[in-house]
Structures are given as structure tokens and as C-alpha cells.
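Engineer: If it helps, the file is called run_30.tsv and holds TSV, C-alpha atoms:
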chain	number	residue	atom	x	y	z
A	1	MET	CA	35.92	2.36	10.76
A	2	LYS	CA	34.67	-0.99	9.62
A	3	GLN	CA	34.42	-1.81	5.91
A	4	ILE	CA	32.07	-4.49	4.62
A	5	ASP	CA	31.83	-5.92	1.11
A	6	ALA	CA	28.22	-7.13	0.82
A	7	ARG	CA	28.15	-7.44	-2.94
A	8	GLY	CA	26.48	-10.63	-4.10
A	9	LEU	CA	24.72	-11.15	-0.80
A	10	ALA	CA	20.96	-11.67	-0.81
A	11	CYS	CA	18.59	-9.54	1.24
A	12	PRO	CA	18.57	-9.19	4.23
A	13	GLN	CA	22.26	-10.14	4.70
A	14	PRO	CA	23.65	-6.63	4.00
A	15	VAL	CA	21.32	-5.19	6.66
A	16	ILE	CA	22.32	-7.79	9.22
A	17	LEU	CA	26.03	-7.23	8.55
A	18	ALA	CA	25.65	-3.46	8.81
A	19	LYS	CA	23.69	-3.72	12.05
A	20	LYS	CA	26.28	-6.02	13.63
A	21	ALA	CA	29.10	-3.73	12.55
A	22	LEU	CA	27.36	-0.68	14.03
A	23	GLU	CA	27.24	-2.42	17.40
A	24	THR	CA	31.03	-2.19	17.65
A	25	ASP	CA	32.04	0.60	15.26
A	26	PRO	CA	30.66	4.15	15.08
A	27	VAL	CA	31.52	4.40	11.38
A	28	VAL	CA	30.75	1.67	8.87
A	29	GLU	CA	31.29	1.59	5.13
A	30	ILE	CA	29.33	-1.08	3.32
A	31	THR	CA	29.37	-1.84	-0.41
A	32	VAL	CA	26.29	-3.37	-2.01
A	33	ASP	CA	25.40	-4.12	-5.61
A	34	ASN	CA	21.72	-3.23	-5.90
A	35	ARG	CA	19.37	-0.37	-5.10
A	36	THR	CA	17.11	-2.49	-2.89
A	37	ALA	CA	20.05	-3.15	-0.58
A	38	VAL	CA	20.84	0.59	-0.61
A	39	GLU	CA	17.30	1.37	0.52
A	40	ASN	CA	17.25	-1.32	3.18
A	41	VAL	CA	20.62	-0.38	4.65
A	42	THR	CA	19.68	3.31	4.54
A	43	ARG	CA	16.51	2.56	6.46
A	44	LEU	CA	18.50	0.61	9.04
A	45	ALA	CA	20.90	3.54	9.42
A	46	GLN	CA	18.04	5.96	9.91
A	47	SER	CA	16.41	3.70	12.49
A	48	GLN	CA	19.73	3.66	14.37
A	49	LYS	CA	19.88	7.48	14.33
A	50	CYS	CA	22.89	7.39	12.02
A	51	SER	CA	23.70	9.65	9.11
A	52	VAL	CA	24.24	7.92	5.80
A	53	ASN	CA	25.91	8.95	2.57
A	54	VAL	CA	25.50	6.90	-0.58
A	55	ALA	CA	28.05	6.97	-3.37
A	56	GLU	CA	27.63	5.15	-6.66
A	57	ARG	CA	30.82	3.50	-7.83
A	58	ASN	CA	32.16	3.18	-11.35
A	59	ASP	CA	31.42	-0.55	-11.35
A	60	GLY	CA	27.71	0.06	-10.67
A	61	ALA	CA	27.91	-0.89	-7.00
A	62	PHE	CA	27.14	1.50	-4.14
A	63	THR	CA	29.12	2.37	-1.06
A	64	LEU	CA	27.21	3.61	1.95
A	65	ARG	CA	29.05	5.43	4.71
A	66	ILE	CA	27.11	5.16	7.95
A	67	GLU	CA	28.04	7.30	10.92
A	68	LYS	CA	26.54	7.20	14.36
A	69	ASN	CA	25.53	10.57	15.71
A	70	SER	CA	23.04	11.89	18.17
A	71	GLY	CA	21.00	13.82	15.59
A	72	GLY	CA	20.58	11.30	12.86
A	73	GLU	CA	18.17	11.81	10.02
A	74	LYS	CA	14.49	12.25	10.50
A	75	ARG	CA	12.52	9.10	10.02
A	76	ALA	CA	10.61	9.01	6.79
A	77	GLU	CA	7.21	8.88	8.47
A	78	SER	CA	7.81	12.15	10.22
A	79	LEU	CA	8.64	14.07	7.05
A	80	ASP	CA	5.32	14.32	5.31
A	81	GLY	CA	2.93	12.45	7.56
A	82	PRO	CA	0.24	13.90	9.76
A	83	ALA	CA	0.36	14.19	13.53
A	84	VAL	CA	1.37	10.87	15.04
A	85	SER	CA	-1.80	10.89	17.14
A	86	THR	CA	-3.81	9.85	14.07
A	87	LEU	CA	-1.80	6.64	13.87
A	88	TYR	CA	-2.14	3.70	16.25
A	89	LYS	CA	1.45	3.03	17.18
A	90	GLY	CA	2.25	-0.65	16.97
A	91	LEU	CA	-0.85	-1.51	14.94
A	92	ILE	CA	0.20	-3.33	11.81
A	93	VAL	CA	-1.98	-4.44	8.94
A	94	VAL	CA	-0.53	-7.47	7.19
A	95	LEU	CA	-1.45	-8.01	3.55
A	96	SER	CA	-0.13	-11.49	2.87
A	97	GLU	CA	-2.39	-12.04	-0.13
A	98	ASP	CA	-3.91	-9.97	-2.90
A	99	ARG	CA	-7.35	-11.03	-1.72
A	100	MET	CA	-9.34	-11.25	1.51
A	101	GLY	CA	-10.48	-14.60	2.82
A	102	ARG	CA	-10.58	-18.02	1.25
A	103	GLY	CA	-13.16	-19.63	-1.00
A	104	SER	CA	-13.65	-17.40	-4.01
A	105	ASP	CA	-10.63	-15.57	-5.42
A	106	GLU	CA	-12.88	-13.19	-7.33
A	107	LEU	CA	-14.84	-12.28	-4.22
A	108	GLY	CA	-11.63	-12.09	-2.19
A	109	ARG	CA	-10.26	-9.45	-4.57
A	110	VAL	CA	-13.42	-7.40	-4.23
A	111	LEU	CA	-13.23	-7.66	-0.45
A	112	ILE	CA	-9.61	-6.54	-0.18
A	113	ARG	CA	-10.44	-3.49	-2.28
A	114	SER	CA	-13.34	-2.70	0.03
A	115	PHE	CA	-11.20	-3.29	3.08
A	116	LEU	CA	-8.44	-0.93	1.99
A	117	HIS	CA	-10.87	1.75	0.90
A	118	THR	CA	-12.61	1.57	4.26
A	119	LEU	CA	-9.27	1.58	6.05
A	120	THR	CA	-8.58	5.05	4.63
A	121	GLU	CA	-11.60	6.27	6.62
A	122	THR	CA	-10.82	4.58	9.92
A	123	VAL	CA	-9.46	6.31	13.01
A	124	PRO	CA	-6.87	5.70	14.19
A	125	LEU	CA	-4.92	4.48	11.21
A	126	PRO	CA	-2.43	1.64	11.46
A	127	GLU	CA	1.16	2.67	11.90
A	128	LYS	CA	2.31	0.32	9.19
A	129	ILE	CA	1.06	-1.87	6.38
A	130	ILE	CA	3.24	-4.79	5.42
A	131	CYS	CA	2.78	-6.53	2.07
A	132	TYR	CA	4.29	-9.90	1.31
A	133	ASN	CA	3.70	-12.94	-0.91
A	134	THR	CA	0.90	-12.08	-3.37
A	135	GLY	CA	0.06	-9.10	-1.15
A	136	VAL	CA	2.86	-7.20	-2.92
A	137	LYS	CA	0.71	-7.17	-6.07
A	138	LEU	CA	-1.58	-4.71	-4.29
A	139	ALA	CA	1.21	-2.12	-4.30
A	140	ALA	CA	2.41	-2.72	-7.84
A	141	GLU	CA	1.40	-1.55	-11.28
A	142	GLU	CA	-2.14	-2.45	-12.38
A	143	SER	CA	-3.37	-2.85	-8.81
A	144	ASP	CA	-6.88	-1.58	-8.19
A	145	VAL	CA	-5.97	-0.23	-4.76
A	146	LEU	CA	-3.06	2.05	-5.59
A	147	ASP	CA	-5.11	5.17	-4.86
A	148	ASP	CA	-6.21	3.89	-1.45
A	149	LEU	CA	-2.72	2.70	-0.50
A	150	GLY	CA	-1.35	6.02	-1.71
A	151	ASP	CA	-3.94	7.86	0.36
A	152	LEU	CA	-2.95	5.87	3.46
A	153	GLN	CA	0.69	6.63	2.81
A	154	LYS	CA	-0.05	10.35	2.49
A	155	LYS	CA	-1.80	10.17	5.84
A	156	GLY	CA	1.40	8.88	7.40
A	157	VAL	CA	0.96	5.11	7.23
A	158	ASP	CA	4.24	3.40	6.44
A	159	VAL	CA	3.72	0.93	3.60
A	160	LEU	CA	6.44	-1.72	3.45
A	161	VAL	CA	6.67	-4.16	0.58
A	162	CYS	CA	8.71	-7.36	0.59
A	163	GLY	CA	11.54	-7.04	-1.94
A	164	THR	CA	12.01	-10.80	-2.27
A	165	CYS	CA	8.35	-11.14	-3.18
A	166	LEU	CA	8.49	-8.33	-5.75
A	167	ASN	CA	11.47	-10.04	-7.31
A	168	TYR	CA	9.71	-13.43	-7.34
A	169	PHE	CA	6.70	-12.02	-9.18
A	170	GLY	CA	8.83	-9.94	-11.57
A	171	LEU	CA	7.50	-6.71	-10.08
A	172	SER	CA	10.73	-5.15	-8.81
A	173	ASP	CA	10.46	-2.28	-11.30
A	174	LYS	CA	6.70	-1.95	-10.95
A	175	LEU	CA	6.27	-0.93	-7.35
A	176	LYS	CA	3.98	2.11	-7.24
A	177	VAL	CA	3.26	2.63	-3.55
A	178	GLY	CA	5.40	1.97	-0.50
A	179	LYS	CA	9.00	1.19	0.23
A	180	VAL	CA	10.88	-1.98	-0.58
A	181	SER	CA	11.58	-3.86	2.62
A	182	ASN	CA	13.21	-7.09	3.71
A	183	MET	CA	12.58	-9.97	6.05
A	184	TYR	CA	14.87	-8.48	8.66
A	185	ASP	CA	12.63	-5.42	8.97
A	186	ILE	CA	9.40	-7.37	8.50
A	187	ALA	CA	10.21	-10.00	11.11
A	188	THR	CA	11.31	-7.34	13.59
A	189	LEU	CA	8.10	-5.36	13.07
A	190	LEU	CA	5.87	-8.42	13.38
A	191	VAL	CA	7.60	-9.60	16.54
A	192	ASN	CA	7.29	-6.15	18.13
A	193	ALA	CA	3.77	-5.33	16.96
A	194	SER	CA	1.27	-4.57	19.69
A	195	ARG	CA	-1.66	-5.42	17.43
A	196	MET	CA	-1.85	-7.09	14.05
A	197	VAL	CA	-4.70	-7.14	11.59
A	198	CYS	CA	-4.54	-9.83	8.92
A	199	PRO	CA	-7.56	-9.39	6.62
B	200	MET	CA	-12.95	12.86	2.57
B	201	SER	CA	-16.28	11.38	3.51
B	202	LEU	CA	-17.63	8.25	1.88
B	203	MET	CA	-20.69	10.38	1.04
B	204	ALA	CA	-18.68	13.12	-0.60
B	205	ARG	CA	-21.19	15.34	-2.32
B	206	ASP	CA	-19.18	15.32	-5.52
B	207	TYR	CA	-19.96	11.69	-6.23
B	208	SER	CA	-22.84	9.60	-7.44
B	209	PHE	CA	-23.26	5.92	-6.74
B	210	LEU	CA	-24.53	2.96	-8.74
B	211	LEU	CA	-26.12	0.21	-6.67
B	212	PHE	CA	-26.68	-3.33	-7.89
B	213	LYS	CA	-28.73	-6.33	-6.86
B	214	SER	CA	-25.60	-8.46	-6.43
B	215	VAL	CA	-21.80	-8.32	-6.33
B	216	SER	CA	-21.75	-10.17	-9.65
B	217	HIS	CA	-23.72	-7.35	-11.26
B	218	ALA	CA	-21.28	-4.82	-9.89
B	219	LEU	CA	-18.34	-6.78	-11.26
B	220	SER	CA	-20.00	-7.05	-14.68
B	221	ALA	CA	-20.50	-3.27	-14.67
B	222	GLU	CA	-16.88	-2.80	-13.71
B	223	ILE	CA	-15.67	-4.77	-16.70
B	224	ILE	CA	-17.82	-2.70	-19.04
B	225	LEU	CA	-16.79	0.65	-17.55
B	226	LYS	CA	-13.13	-0.30	-17.74
B	227	ARG	CA	-13.59	-1.21	-21.40
B	228	HIS	CA	-15.12	2.21	-22.01
B	229	GLU	CA	-12.35	3.87	-20.02
B	230	ILE	CA	-14.82	5.74	-17.84
B	231	PRO	CA	-13.36	6.75	-14.47
B	232	PHE	CA	-15.01	5.14	-11.45
B	233	LYS	CA	-14.21	3.34	-8.22
B	234	LEU	CA	-15.62	0.14	-6.81
B	235	ILE	CA	-16.19	0.75	-3.09
B	236	PRO	CA	-18.26	-0.70	-0.23
B	237	VAL	CA	-21.79	0.71	-0.23
B	238	PRO	CA	-21.61	3.76	2.07
B	239	LYS	CA	-23.42	3.22	5.35
B	240	GLN	CA	-25.45	6.34	4.72
B	241	ILE	CA	-27.02	4.67	1.69
B	242	SER	CA	-27.60	1.13	2.92
B	243	SER	CA	-26.78	-1.14	5.81
B	244	ASP	CA	-26.44	-4.06	3.42
B	245	CYS	CA	-22.99	-5.53	2.98
B	246	GLY	CA	-22.24	-4.88	-0.64
B	247	VAL	CA	-20.20	-2.99	-3.17
B	248	CYS	CA	-21.19	-0.16	-5.44
B	249	ILE	CA	-19.65	1.98	-8.13
B	250	ARG	CA	-18.77	5.55	-7.26
B	251	PHE	CA	-18.45	7.99	-10.12
B	252	SER	CA	-18.43	11.63	-10.98
B	253	PRO	CA	-21.84	13.02	-11.98
B	254	VAL	CA	-20.26	14.51	-15.09
B	255	ASP	CA	-19.93	10.94	-16.40
B	256	ASN	CA	-23.56	10.11	-15.73
B	257	GLU	CA	-24.61	9.97	-19.38
B	258	ARG	CA	-21.57	7.99	-20.49
B	259	ILE	CA	-22.16	5.46	-17.73
B	260	THR	CA	-25.86	5.24	-18.49
B	261	GLY	CA	-25.08	4.64	-22.13
B	262	ALA	CA	-22.40	2.05	-21.47
B	263	LEU	CA	-24.45	0.01	-19.03
B	264	SER	CA	-27.93	0.27	-20.50
B	265	CYS	CA	-29.22	-3.12	-21.63
B	266	ALA	CA	-25.97	-4.70	-20.38
B	267	VAL	CA	-26.23	-4.74	-16.60
B	268	ASP	CA	-29.23	-4.62	-14.31
B	269	ILE	CA	-28.78	-1.60	-12.04
B	270	ASP	CA	-30.73	-1.42	-8.80
B	271	ARG	CA	-30.62	2.34	-8.41
B	272	VAL	CA	-28.51	5.44	-8.76
B	273	VAL	CA	-27.83	7.63	-5.76
B	274	SER	CA	-26.59	11.10	-6.52
B	275	ALA	CA	-25.67	13.95	-4.23
B	276	GLY	CA	-28.53	14.28	-1.78
B	277	CYS	CA	-31.16	12.57	-3.91
B	278	ASP	CA	-32.18	9.08	-4.85
B	279	THR	CA	-33.53	8.29	-8.28
B	280	ILE	CA	-34.64	5.12	-9.96
B	281	PHE	CA	-32.41	4.16	-12.83
B	282	SER	CA	-34.33	3.09	-15.90
If you took the structure in this file and wrote it as C-alpha cells, what would it be?
Structural biologist:
Amino acid sequence: MKQIDARGLACPQPVILAKKALETDPVVEITVDNRTAVENVTRLAQSQKCSVNVAERNDGAFTLRIEKNSGGEKRAESLDGPAVSTLYKGLIVVLSEDRMGRGSDELGRVLIRSFLHTLTETVPLPEKIICYNTGVKLAAEESDVLDDLGDLQKKGVDVLVCGTCLNYFGLSDKLKVGKVSNMYDIATLLVNASRMVCP
Amino acid sequence: MSLMARDYSFLLFKSVSHALSAEIILKRHEIPFKLIPVPKQISSDCGVCIRFSPVDNERITGALSCAVDIDRVVSAGCDTIFS
């Protein structure tokens, strides 16, 4: 078993360390000091078909025990999503801003609302939506598109939101839709996407 | 759910600016609504409209009268001129 102390390390370092360790060890214990890292490492473990147990320590940190096995845990999108056939595998919608297009910010905010509302009606749906930079504001408190993003999520679309960006805008505790993600996941998804839509 | 869900009525405006002015007023009055693209079944124009529940028709009429120029109201299956 490999033990890793990832306390104090910024995202996505804990994920990278865990992934490297899993390449050589079937059991990895990693200690992190924040819930975002717990979520990110858990998601990595699930993607690697590993089981994961999280224990909160007395000092406020968390230790995750990751074990490789053939069963693994079900991926989140298969738990409450619809049939996969309604999703276009590999199609990713990238929301890098809280508006659509350049020129008028006011108009751009209207357009992104229209876009996301219309997206709920399209077939097939994208497999994933990735929010970063000011795009994370769309998934946070006071956003006008929370109902549409929530609707997409209920239909099985995986909504991933950049944790660094939430932190930068002081929105870490205000995420309403989607899962906190990291650049490791985001970069991997973008590189492997078969189609990308960047409104 | 269809964009033309029969449970909803729609406010149409002459411009996006009018729709945004209406939005500000409706938010201030805390009347539930949603700004959405104009459903294709209503118009082929590229624009936005306000979708609302018919039960709020009077509240919306009251809040917007004399404040915003409304092009027309489209309710479930019928089309009436808003005055």
C-alpha cells in the first residue's frame, strides 16, 4: 500500500499523485485537507474502477483509501441519468464565460440564458458541460440559468465546474449545480473530446 | 417539456431592451417568470420573450402597464392583443 500526504497541495496535485500511485500500487491511502480535493480524488478513483472510502480525521483533514477492484463504483452519470443514447458521447459544451459572444455584455448574458434553455430541448444532449473562468458564475448562487443547468443535469448531462475559478470568485460555498472539478479532469476531457461547442 | 407547454403564457416585446426592462420590473415585484427565446411556434424572429404562468396574468399586467411597451401576449392556444 502506498501512503501519500497531499495536505497543503493545490488542485490538481492530489489527483495527479493519486493517479501515479495507482499505476504501481493496488491500494493507495491519500490524505488531503479540503473537501474539493476529496471530491476530485474520489472522482478519479471512480473513473479508475476503484472503491474509495473517506475518513475524516480529528485534525480536519481527510484520508481516502483507494482500492483497485474489478467492480468499482458506478459512475455518477449512470446513477440517476437517462439512457445513455440520449447523450452524445464525447460532445462537450464549454462555458468559459457567463455570457455568449463579444460586444455587449448585457446582450451576451441574455444570449447565454437563451442558449442554455434551448440546449435543454436539443437531442442528443451533450455528455458534459464544463464551466470555467466567469462561466462558473452560471452554476452558482444568483445565476439565472440554475433551473436549466439543473434540468440538463437531471437528464444525465455531467456538469463540471472549475474549483480554482469558484475559489477565485469567492463562490466555493455557492455552487448550486454541478460538481467541482479541476484542471486535470478538464484538460483530459477537452483533449479527448470528439466535439466541442463553445458558445 | 415542450417550449409551447400549454401551461404557459408568453409576453412578446418589440425589442430585447423592452424584454429586459420588463424583467427588471417583474423581479422587483417578485412575480415568477422565465426569460426564454421566443418559441419557434410563435415566431421565426430571433428574440426573447417572457414565459409565465397564466395565474399571474393580472399581476403581470398590473406591474407592466404604463411601464413597458408589450407587443402581444400569447396564451395557451390563443393570441390576444395586450392593451
Engineer: With only C-alpha atoms considered, list every residue of chain A at most 12 Å from chain B, as a ChimeraX atom specification.
Structural biologist: /A:106-122,144-148,151,155
Engineer: Here is a test: counting all atoms listed in the file, which residue of A:Leu189, A:Ala21, A:Val27, A:Ala37 is nearest to Ser51 in chain A?
Structural biologist: A:Val27
Engineer: So that I can check the surroundings of range 42-47 of chain A, please list as a ChimeraX atom specification every protein, DNA and RNA residue that reaches within 12 Å of it, counting only C-alpha atoms and ignoring chain neighbours fewer than 5 positions away.
Structural biologist: /A:12,14-23,26-30,32,35-37,52-54,62-78,160,179-182,184-185,188
Engineer: Quick one: pull the distance between CA of Val161 in chain A and CA of Glu127 in chain A, Å, one decimal.
Structural biologist: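 It comes out at 14.3 Å.
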Engineer: To one decimal place in Å, what is the distance between CA of Leu95 in chain A and CA of Ile130 in chain A?
Structural biologist: 6.0 Å
Engineer: Hey, can you check how far CA of Ala6 in chain A sits from CA of Val159 in chain A?
Structural biologist: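 Value for the CA of Ala6 in chain A-CA of Val159 in chain A distance: 25.9 Å.
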Engineer: Pick out the closest residue to Phe251 in chain B from this set: B:Leu210, B:His217, B:Phe232, B:Val273. Count all atoms listed in the file.
Structural biologist: B:Phe232
Engineer: I'd like to know which of A:Val123, A:Ile129, A:Leu9, A:Cys198 is closest to Gly90 in chain A, using only C-alpha atoms.
Structural biologist: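 For Gly90 in chain A, the nearest of the candidates is A:Ile129.
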Engineer: Would you pick out the contacts of range 220-223 of chain B at 7 Å or less, using all atoms listed in the file, so that residues sharing its chain but fewer than 4 positions from it are not included, and give the list as an MDAnalysis selection string?
Structural biologist: chainID B and resid 216 227 263 267
Engineer: Which is closer to Ser264 in chain B than all the others in B:Ile230, B:Ile241, B:Arg250, B:Ile224, using only C-alpha atoms?
Structural biologist: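 Going through B:Ile230, B:Ile241, B:Arg250, B:Ile224 one by one, the smallest distance to Ser264 in chain B is for B:Ile224.
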Engineer: Of the candidates A:Arg57, A:Arg7, A:Arg99, A:Lys89, which one gets nearest to Asp158 in chain A if we count only C-alpha atoms?
Structural biologist: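 When distances to Asp158 in chain A are compared using only C-alpha atoms, the smallest one comes from A:Lys89.
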Engineer: Which residue is closest to Leu138 in chain A? Choose from A:Asp98, A:Leu152, A:Val157, A:Pro126 and count all atoms listed in the file.
Structural biologist: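 The closest residue to Leu138 in chain A is A:Asp98.
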Engineer: Provide range 230-255 of chain B rebuilt to N, CA and C atoms, formatted as a CSV table (one decimal), in the frame of the given file.
Structural biologist:
chain,number,residue,atom,x,y,z
B,230,ILE,N,-14.1,4.7,-18.6
B,230,ILE,CA,-14.8,5.7,-17.8
B,230,ILE,C,-14.3,5.7,-16.4
B,231,PRO,N,-13.9,6.8,-15.9
B,231,PRO,CA,-13.4,6.8,-14.5
B,231,PRO,C,-14.4,6.4,-13.4
B,232,PHE,N,-14.1,5.5,-12.5
B,232,PHE,CA,-15.0,5.1,-11.4
B,232,PHE,C,-14.2,4.4,-10.4
B,233,LYS,N,-14.9,4.1,-9.3
B,233,LYS,CA,-14.2,3.3,-8.2
B,233,LYS,C,-15.2,2.4,-7.6
B,234,LEU,N,-14.8,1.1,-7.5
B,234,LEU,CA,-15.6,0.1,-6.8
B,234,LEU,C,-15.4,0.3,-5.3
B,235,ILE,N,-16.4,0.6,-4.5
B,235,ILE,CA,-16.2,0.8,-3.1
B,235,ILE,C,-17.3,0.0,-2.3
B,236,PRO,N,-17.1,-0.1,-1.0
B,236,PRO,CA,-18.3,-0.7,-0.2
B,236,PRO,C,-19.4,0.3,-0.3
B,237,VAL,N,-20.6,-0.2,-0.2
B,237,VAL,CA,-21.8,0.7,-0.2
B,237,VAL,C,-21.7,1.6,1.0
B,238,PRO,N,-21.7,2.9,0.9
B,238,PRO,CA,-21.6,3.8,2.1
B,238,PRO,C,-22.7,3.5,3.1
B,239,LYS,N,-22.4,3.5,4.3
B,239,LYS,CA,-23.4,3.2,5.4
B,239,LYS,C,-24.6,4.2,5.3
B,240,GLN,N,-24.4,5.4,4.8
B,240,GLN,CA,-25.4,6.3,4.7
B,240,GLN,C,-26.5,5.9,3.7
B,241,ILE,N,-26.1,5.1,2.8
B,241,ILE,CA,-27.0,4.7,1.7
B,241,ILE,C,-27.7,3.4,2.1
B,242,SER,N,-27.0,2.4,2.6
B,242,SER,CA,-27.6,1.1,2.9
B,242,SER,C,-26.8,0.4,4.0
B,243,SER,N,-27.5,-0.4,4.8
B,243,SER,CA,-26.8,-1.1,5.8
B,243,SER,C,-26.4,-2.5,5.3
B,244,ASP,N,-26.8,-2.8,4.0
B,244,ASP,CA,-26.4,-4.1,3.4
B,244,ASP,C,-24.9,-4.1,3.2
B,245,CYS,N,-24.4,-5.3,3.3
B,245,CYS,CA,-23.0,-5.5,3.0
B,245,CYS,C,-22.9,-5.7,1.5
B,246,GLY,N,-22.3,-4.8,0.8
B,246,GLY,CA,-22.2,-4.9,-0.6
B,246,GLY,C,-21.3,-3.9,-1.2
B,247,VAL,N,-21.1,-3.9,-2.5
B,247,VAL,CA,-20.2,-3.0,-3.2
B,247,VAL,C,-21.0,-2.2,-4.2
B,248,CYS,N,-20.5,-1.0,-4.5
B,248,CYS,CA,-21.2,-0.2,-5.4
B,248,CYS,C,-20.1,0.5,-6.3
B,249,ILE,N,-20.6,1.2,-7.3
B,249,ILE,CA,-19.6,2.0,-8.1
B,249,ILE,C,-19.8,3.5,-7.9
B,250,ARG,N,-18.7,4.1,-7.5
B,250,ARG,CA,-18.8,5.6,-7.3
B,250,ARG,C,-18.2,6.3,-8.5
B,251,PHE,N,-18.9,7.3,-8.9
B,251,PHE,CA,-18.4,8.0,-10.1
B,251,PHE,C,-18.8,9.5,-10.0
B,252,SER,N,-18.2,10.2,-10.9
B,252,SER,CA,-18.4,11.6,-11.0
B,252,SER,C,-19.7,11.9,-11.8
B,253,PRO,N,-20.6,12.8,-11.3
B,253,PRO,CA,-21.8,13.0,-12.0
B,253,PRO,C,-21.6,13.5,-13.4
B,254,VAL,N,-20.5,14.0,-13.7
B,254,VAL,CA,-20.3,14.5,-15.1
B,254,VAL,C,-20.2,13.3,-16.1
B,255,ASP,N,-20.0,12.1,-15.5
B,255,ASP,CA,-19.9,10.9,-16.4
B,255,ASP,C,-21.3,10.2,-16.4
